Amino acid sequence: MKLAKRFSVALAVMNAVLLFAANDKQVQINRIVVNADLGRETISKYIYGHFAEHLGHCIYGGIYVGEDSPIPNTRGIRDDVVEALKEIAPSVVRWPGGCFADTYHWKDGIGPKDDRPSIVNVTWGGVTEDNSFGTHEFLDFCELIGAEPYICANVGSGTVQETAEWVEYVNSNAISPMTELRKKNGREAPWHVKYWAVGNESWGCGGNMTPDYYADLFKRFSTYMHAGRPYRVASGGTDPDFEWTETVLQKTQKFRNLIQGYSFHYYTFCHGWNDKSAATQFNENDWFHTMKNTLVMEERLESHIALMDEYDPENRIGLIADEWGNWFTVEPGTNPGFLYQQNTVRDAVTAALYLNIFNNHARRVKMANIAQFVNVLQAMILTKDDQIVKTPTFYVFKMYKVHHDATLLPIDVTCEDYDFDGMTLPSISASASRDKEGVIHVSLCNIDMHNSRSVEVDLRGTAKLSGSGGEIITAPKENDYNDFGKPEKVNIQKFSSFSVKNNILKVNLPAKSVVTIALKK
Ligand code: AHR
């Protein structure tokens with residue numbers, strides 16, 4: 001009897017030890033440290049930027065329908081799209097391309113609409129571009145949604161004078177032919193556009209240049225862009241062309257006044273450019289590789305940052321990730337040149353991965369622009385005639401608004417792997433910041449398609465915090481999406497599966513989810 005009792009006590013102790021060890025193991029495995037006292041960098045709100053190209057139905061039909069359209073509009077710009085976009089507080093919009101930018105002659109898009117020439121959009125579908133959406137309409141759109149404009153100048157097929165005049169037309173207050181022209185076209189005051197790209201993908205659709213040739217051209221164009229002290233962004237090379245980056249940085253080293261930003265593009269192509277997979281019809285192998293190729297972006301970004309640190313140790317030149325996102329095959333039956341794709345939980349999860357990476361590299365990354373705003377690639381909004389759909393990616397941008405211009409809190413993540421078919425990836429991605437009111441926001445993303453994770457977040461270097469609310473984006477199926485005329489399947493829901501005690505935040509993070517938790521003193 002005595003022996004049995006002793007044995008059962010020993011068993012109970014052993015169980016307790018095992019339980020503790022198991023919990024401890026889990027804690028050890030999925031453990032995040034947020035260093036709340038080490039915040040130095042600001043997460044620029046421009047990391048939450050967008051891109052609107054004359055491509056498919058991004059501009060025409062998506063943003064702009066013209067004043068005579070039965071779809072409610074303000075000076076031709078869709079009211080429903082403007083109202084929806086305001087929800088995500090878009091900080092900056094890049095326009096008119098992309099590849100289109102290096103075929104675009106801005107004077108075609110000003111003045112009375114009947115006098116504007118129709119041209120062929122040779123890059124995207126060979127469709128007629130009637131130039132009814134030009135400089136005035138774009139800047140009007142930016143004012144309506146409260147975003148800063150970012151204009152991409154034509155270096156590929158344009159002239160230095162054309163770009164110099166565009167900057168003058170948009171930004172100058174002096175008496176000059178361009179400012180007179182602007183006033184004649186109905187705009188008295190300059191718009192003061194700060195951000196200007198000097199060409200786009202000049203290694204490819206922007207002129208098939210060598211890095212040497214482009215670096216010289218960049219300096220030439222940039223020299224004559226005067227009015228409004230523009231922030232000039234040099235075109236980056238094709239991924240992963242570090243020689244291009246090195247050449248441009250090296251050749252502009254003695255001309256630091258001419259270069260403020262360096263552009264970087266990265267797309268997730270699932271299995272590669274020739275095997276992109278469909279946006280809504282995919283299996284776990286496609287899911288896994290989409291995550292894997294998104295995570296590769298961090299290595300690329302860090303390699304670029306290392307080069308920039310070498311050539312620009314003062315950290316004066318911003319890394320501008322002005323095209324990023326998922327590029328899948330177009331929806332069946334749509335024009336292949338229009339790049340129209342649906343958007344699922346998979347897009348929400350990769351958007352969070354990208355944004356966490358940009359947040360965590362905020363020292364160098366000063367802007368990022370997801371491709372694209374409406375109806376193209378990983379869009380915020382899809383439109384069909386007079387209907388609109390807010391995509392899962394839209395909701396990630398809405399959830400992550402809390403990080404705009406907040407102080408980045410350095411973070412360390414130790415986590416279990418996401419295993420698939422003998423391959424592994426880290427299952428959790430995270431970023432954290434403190435806003436101007438002192439509220440700390442921790443964003444977490446579990447890329448595992450099937451398994452939840454128990455996560456422990458150690459909030460170091462701060463007074464006692466308590467949880468003040470949580471939000472989640474997920475859905476029952478990995479390929480759930482929001483469709484026209486149907487109730488939304490993927491949006492932001494309240495999340496309460498967490499607790500905070502002694503500055504340890506414990507979270508039960510569901511599979512394929514994005515979560516943000518607010519913590520207050
Ligand atoms: O976003 C679509 C295209 O991708 C852009 O026009 C181009 O810059 C990039 O290759």
# chains A, B, ... in the order shown; residues from 1 in each chain; ligands from 1
>>> residues_near_ligand(ligand="ligand 1", cutoff="9 Å", atoms="only C-alpha atoms and all ligand atoms", output="PyMOL selection string")
chain A and resi 51-55+97-101+123-124+200-201+204-206+238+265-267+322-325+327+339+370-372+376-377
>>> select_by_dssp(residues="stretch 289-348 of chain A", states="alpha helix (DSSP H)", output="PyMOL selection string")
chain A and resi 289-311+345-348
>>> write_last_selection(atoms="N, CA, C and O atoms", output="CSV table (one decimal), in the first residue's frame")
chain,number,residue,atom,x,y,z
A,289,HIS,N,5.8,26.5,-51.7
A,289,HIS,CA,6.8,27.2,-52.5
A,289,HIS,C,6.5,28.7,-52.6
A,289,HIS,O,7.4,29.5,-52.8
A,290,THR,N,5.2,29.1,-52.5
A,290,THR,CA,4.9,30.5,-52.5
A,290,THR,C,5.5,31.1,-51.3
A,290,THR,O,6.1,32.2,-51.3
A,291,MET,N,5.4,30.4,-50.1
A,291,MET,CA,6.0,30.9,-48.9
A,291,MET,C,7.5,31.0,-49.0
A,291,MET,O,8.1,32.0,-48.6
A,292,LYS,N,8.0,29.9,-49.5
A,292,LYS,CA,9.5,29.8,-49.6
A,292,LYS,C,10.1,30.9,-50.5
A,292,LYS,O,11.0,31.6,-50.1
A,293,ASN,N,9.5,31.1,-51.7
A,293,ASN,CA,10.0,32.2,-52.5
A,293,ASN,C,9.7,33.6,-52.0
A,293,ASN,O,10.4,34.5,-52.4
A,294,THR,N,8.7,33.7,-51.2
A,294,THR,CA,8.5,35.0,-50.5
A,294,THR,C,9.6,35.3,-49.5
A,294,THR,O,10.2,36.4,-49.5
A,295,LEU,N,10.0,34.2,-48.8
A,295,LEU,CA,11.0,34.4,-47.8
A,295,LEU,C,12.4,34.6,-48.4
A,295,LEU,O,13.3,35.3,-47.8
A,296,VAL,N,12.6,34.2,-49.6
A,296,VAL,CA,13.9,34.4,-50.3
A,296,VAL,C,14.1,35.9,-50.4
A,296,VAL,O,15.3,36.4,-50.4
A,297,MET,N,13.0,36.7,-50.5
A,297,MET,CA,13.1,38.1,-50.7
A,297,MET,C,14.0,38.7,-49.6
A,297,MET,O,14.7,39.7,-49.8
A,298,GLU,N,13.9,38.2,-48.4
A,298,GLU,CA,14.6,38.8,-47.2
A,298,GLU,C,16.1,38.7,-47.5
A,298,GLU,O,16.8,39.6,-47.2
A,299,GLU,N,16.6,37.5,-48.0
A,299,GLU,CA,18.0,37.4,-48.3
A,299,GLU,C,18.4,38.4,-49.4
A,299,GLU,O,19.5,39.1,-49.2
A,300,ARG,N,17.6,38.6,-50.4
A,300,ARG,CA,17.9,39.6,-51.5
A,300,ARG,C,18.0,41.0,-50.9
A,300,ARG,O,18.9,41.7,-51.2
A,301,LEU,N,17.0,41.3,-50.1
A,301,LEU,CA,16.9,42.6,-49.5
A,301,LEU,C,18.2,42.8,-48.6
A,301,LEU,O,18.8,43.9,-48.7
A,302,GLU,N,18.6,41.8,-47.9
A,302,GLU,CA,19.7,42.0,-47.0
A,302,GLU,C,21.0,42.1,-47.8
A,302,GLU,O,21.9,42.9,-47.4
A,303,SER,N,21.1,41.4,-48.9
A,303,SER,CA,22.3,41.6,-49.7
A,303,SER,C,22.4,43.0,-50.3
A,303,SER,O,23.5,43.6,-50.4
A,304,HIS,N,21.2,43.5,-50.7
A,304,HIS,CA,21.2,44.9,-51.2
A,304,HIS,C,21.6,45.9,-50.1
A,304,HIS,O,22.4,46.8,-50.3
A,305,ILE,N,21.1,45.6,-49.0
A,305,ILE,CA,21.3,46.5,-47.8
A,305,ILE,C,22.8,46.5,-47.5
A,305,ILE,O,23.4,47.5,-47.2
A,306,ALA,N,23.4,45.3,-47.6
A,306,ALA,CA,24.9,45.2,-47.3
A,306,ALA,C,25.7,46.0,-48.2
A,306,ALA,O,26.6,46.7,-47.9
A,307,LEU,N,25.3,46.0,-49.5
A,307,LEU,CA,26.0,46.8,-50.6
A,307,LEU,C,25.8,48.3,-50.3
A,307,LEU,O,26.7,49.1,-50.4
A,308,MET,N,24.6,48.6,-50.0
A,308,MET,CA,24.3,50.0,-49.7
A,308,MET,C,25.0,50.5,-48.5
A,308,MET,O,25.5,51.7,-48.5
A,309,ASP,N,25.2,49.7,-47.5
A,309,ASP,CA,25.9,50.0,-46.3
A,309,ASP,C,27.4,50.3,-46.6
A,309,ASP,O,28.0,51.2,-46.0
A,310,GLU,N,27.9,49.5,-47.6
A,310,GLU,CA,29.3,49.7,-48.0
A,310,GLU,C,29.5,51.0,-48.8
A,310,GLU,O,30.4,51.8,-48.5
A,311,TYR,N,28.6,51.3,-49.7
A,311,TYR,CA,28.7,52.5,-50.5
A,311,TYR,C,28.1,53.8,-49.9
A,311,TYR,O,28.4,54.9,-50.3
A,345,VAL,N,-6.5,33.6,-49.0
A,345,VAL,CA,-5.8,33.6,-47.7
A,345,VAL,C,-4.2,33.5,-47.9
A,345,VAL,O,-3.5,34.1,-47.2
A,346,ARG,N,-3.8,32.8,-49.0
A,346,ARG,CA,-2.4,32.7,-49.3
A,346,ARG,C,-1.8,34.1,-49.5
A,346,ARG,O,-0.7,34.4,-49.1
A,347,ASP,N,-2.6,35.0,-50.2
A,347,ASP,CA,-2.1,36.3,-50.5
A,347,ASP,C,-2.0,37.1,-49.2
A,347,ASP,O,-1.0,37.9,-49.0
A,348,ALA,N,-3.0,36.9,-48.3
A,348,ALA,CA,-2.9,37.6,-47.0
A,348,ALA,C,-1.7,37.2,-46.2
A,348,ALA,O,-1.0,38.1,-45.7
>>> closest_residue(among="A:Ile29, A:Val389, A:Val439, A:Ile110", to="A:Pro487", atoms="only C-alpha atoms")
A:Val389
>>> select_by_dssp(residues="stretch 141-381 of chain A", states="strand (DSSP E or B)", output="number ranges by chain")
A: 148-153, 195-198, 231-234, 261-268, 278, 318-326, 329, 344, 365-371, 374, 381
>>> closest_residue(among="A:Tyr169, A:Phe484, A:Trp244, A:Tyr48", to="A:Val365", atoms="only C-alpha atoms")
A:Tyr48
>>> residues_around(residues="A:Ala227", least_positions_apart="4", cutoff="7 Å", atoms="only C-alpha atoms", output="list in words")
Val167, Glu168, Asn171 and Ser172 of chain A
>>> closest_residue(among="A:Lys398, A:Lys219, A:Lys86, A:His226", to="A:Leu249", atoms="only C-alpha atoms")
A:Lys219
>>> residues_around(residues="A:Ser429", least_positions_apart="6", cutoff="12 Å", atoms="only C-alpha atoms", output="ChimeraX atom specification")
/A:30-32,291,294-295,298,349-360,411-418,442-448,453,455,509,512-516
>>> atom_distance(atom1="atom CA of A:Asn326", atom2="atom CA of A:Val457")
29.4 Å
>>> residues_around(residues="A:His192", least_positions_apart="2", cutoff="7 Å", atoms="only C-alpha atoms", output="ChimeraX atom specification")
/A:170-171,190,194,228
